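Structure record follows, encoded as structure tokens.
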Amino acid sequence: MTSRLPPDLFQLFTPRPPLPHVPPADRAPDDKPRPALSGIAQYVTELRQAPPPPPPAETPKERRARIKREHAVQARDGILRGLSTWDPSLNLQATEDPYKTIIVARLNYDTTEKDLRAEFEPFGDIASVKMVSDTDGSFCGYAFVEFEREADMREAFRRADAMRILGRRIVVDVERGRTVKGWLPRRFGGGLGGTRLGGKDLNQKAPGRFDPAMPPEPERRYADARAHERSDRPPPPPRDRDSGGSRAYPPQRAASRSHYDSRNRDRDRDRGRDYDRDRDRD
């Protein structure tokens with residue numbers, strides 16, 4: 001049948017020439033050279049000389065505990081270094097007589113020497129005031145006040161504790177660095193403060209001195225300080241308890257209360273009239 005087709009259509013049924021043979025670019029797996037296999041006896045010595053495996057990674061809890069131990073060791077070493085050079089008797093910036101000196105702590109950082117003199121001169125004549133500053137000149141929040149007489153120092157020690165200066169309750173104590181044998185400040189693990197005893201239920205919250213042998217009594221502790229603050233204030237005017245008016249309402253509200261009650265009664269009466277009128281209309 002195809003021989004009877006026209007030449008143009010007959011050419012469509014003519015087979016194409018076969019594809020030329022191209023040699024493969026790679027060799028067969030069996031023809032490839034294989035690596036020579038040998039034992040591991042020659043590498044045993046190298047395995048024995050290998051470094052030990054690294055330690056296991058620490059957990060966040062272990063890391064916090066390690067950092068806490070390191071900080072404790074650093075703090076202890078710093079305290080030992082400071083104790084080796086600390087001698088309060090060699091302080092050139094200290095007052096002359098330690099037995100006439102008090103320390104005033106927890107001061108407002110805006111407090112000046114003039115403010116301290118104004119607060120402590122009522123107790124007696126002041127010889128000097130030493131404001132303690134840092135190495136860069138910033139105020140540390142405490143100062144030493146030296147009186148002319150030891151009796152004035154004792155009076156200030158007894159009455160000025162927990163007094164308020166520039167909005168803050170202060171702590172007043174004697175100078176213990178040169179008067180108490182073996183005394184150490186807070187930065188060397190000593191001190192008498194009660195604000196860092198432990199948890200919230202142990203730390204001192206009341207202002208004033210802290211005595212470890214006696215539980216704090218805030219009301220008794222700064223009663224004298226409050227009396228000293230209020231000594232110059234005029235007494236409050238007496239209250240007038242005989243003024244008129246009802247018992248339930250003050251006199252100034254009695255008239256407004258009666259007016260309110262009358263308005264409620266009028267509203268209820270008008271509401272009743274409207275109800276009767278609607279019922280008669282029906």
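Labels used: A, B, ... for chains in the order of the structure tokens, numbers from 1 for residues in each chain, and numbers from 1 for ligands as shown.
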Within 12 Å of Ala105 in chain A, counting only C-alpha atoms, which residues show up once you throw out same-chain ones fewer than 4 positions away? Write them as an mmCIF file with C-alpha atoms, in the first residue's frame, please.
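Wrote it out as part12.cif, contents follow:
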```cif
data_model
loop_
_atom_site.group_PDB
_atom_site.id
_atom_site.type_symbol
_atom_site.label_atom_id
_atom_site.label_comp_id
_atom_site.auth_asym_id
_atom_site.auth_seq_id
_atom_site.Cartn_x
_atom_site.Cartn_y
_atom_site.Cartn_z
ATOM 1 C CA TYR A 109 23.451 61.529 98.155
ATOM 2 C CA THR A 111 23.430 65.825 101.541
ATOM 3 C CA LEU A 116 24.726 67.793 108.636
ATOM 4 C CA MET A 131 32.160 63.516 104.162
ATOM 5 C CA VAL A 132 33.413 60.175 102.823
ATOM 6 C CA PHE A 139 29.790 60.890 97.812
ATOM 7 C CA CYS A 140 29.491 57.399 99.378
ATOM 8 C CA GLY A 141 26.409 58.106 101.495
ATOM 9 C CA TYR A 142 27.951 58.330 104.979
ATOM 10 C CA ALA A 143 29.984 60.800 107.014
ATOM 11 C CA PHE A 144 31.770 61.214 110.363
ATOM 12 C CA VAL A 145 30.758 63.983 112.773
ATOM 13 C CA ALA A 160 19.607 61.155 116.341
ATOM 14 C CA ASP A 161 19.302 57.539 115.250
ATOM 15 C CA ALA A 162 16.572 57.039 112.580
ATOM 16 C CA MET A 163 16.212 60.796 112.154
ATOM 17 C CA ARG A 164 15.073 61.956 108.716
ATOM 18 C CA ILE A 165 17.465 64.097 106.648
ATOM 19 C CA ARG A 168 15.764 59.531 104.240
ATOM 20 C CA ARG A 169 16.022 57.813 107.617
ATOM 21 C CA ILE A 170 19.627 57.773 108.785
ATOM 22 C CA VAL A 171 21.636 55.415 110.976
ATOM 23 C CA VAL A 172 23.806 56.858 113.711
ATOM 24 C CA ASP A 173 26.475 54.819 115.476
ATOM 25 C CA VAL A 174 29.780 55.355 117.259
ATOM 26 C CA GLU A 175 33.039 55.037 115.365
ATOM 27 C CA GLY A 193 23.954 46.021 109.611
ATOM 28 C CA PRO A 207 15.153 52.278 110.130
ATOM 29 C CA GLY A 208 17.849 52.832 112.699
ATOM 30 C CA ARG A 209 20.580 50.769 114.319
#
```
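Using only C-alpha atoms for every distance, the candidate list A:Gly182, A:Thr195, A:Pro20, A:Asp30 yields A:Gly182 as the residue closest to Pro88 in chain A.
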What parts of range 55-216 of chain A does DSSP call strand (DSSP E)? I'd like the answer as a PyMOL selection string.
chain A and resi 101-105+126-133+139-147+164-165+168-169+171-174
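Nearest residue to Thr95 in chain A among A:Val44, A:Glu119, A:Gly177, A:Gly39 is A:Gly177, counting only C-alpha atoms.
With only C-alpha atoms as the atoms that count, the residue of A:Gly190, A:Pro18, A:Gly198, A:Pro185 with the shortest distance to Trp86 in chain A is A:Pro185.
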Close residues, Thr14 in chain A itself excluded, 12 Å, only C-alpha atoms, min 4 positions apart in chain, as a PyMOL selection string:
chain A and resi 2-3+5+7-10
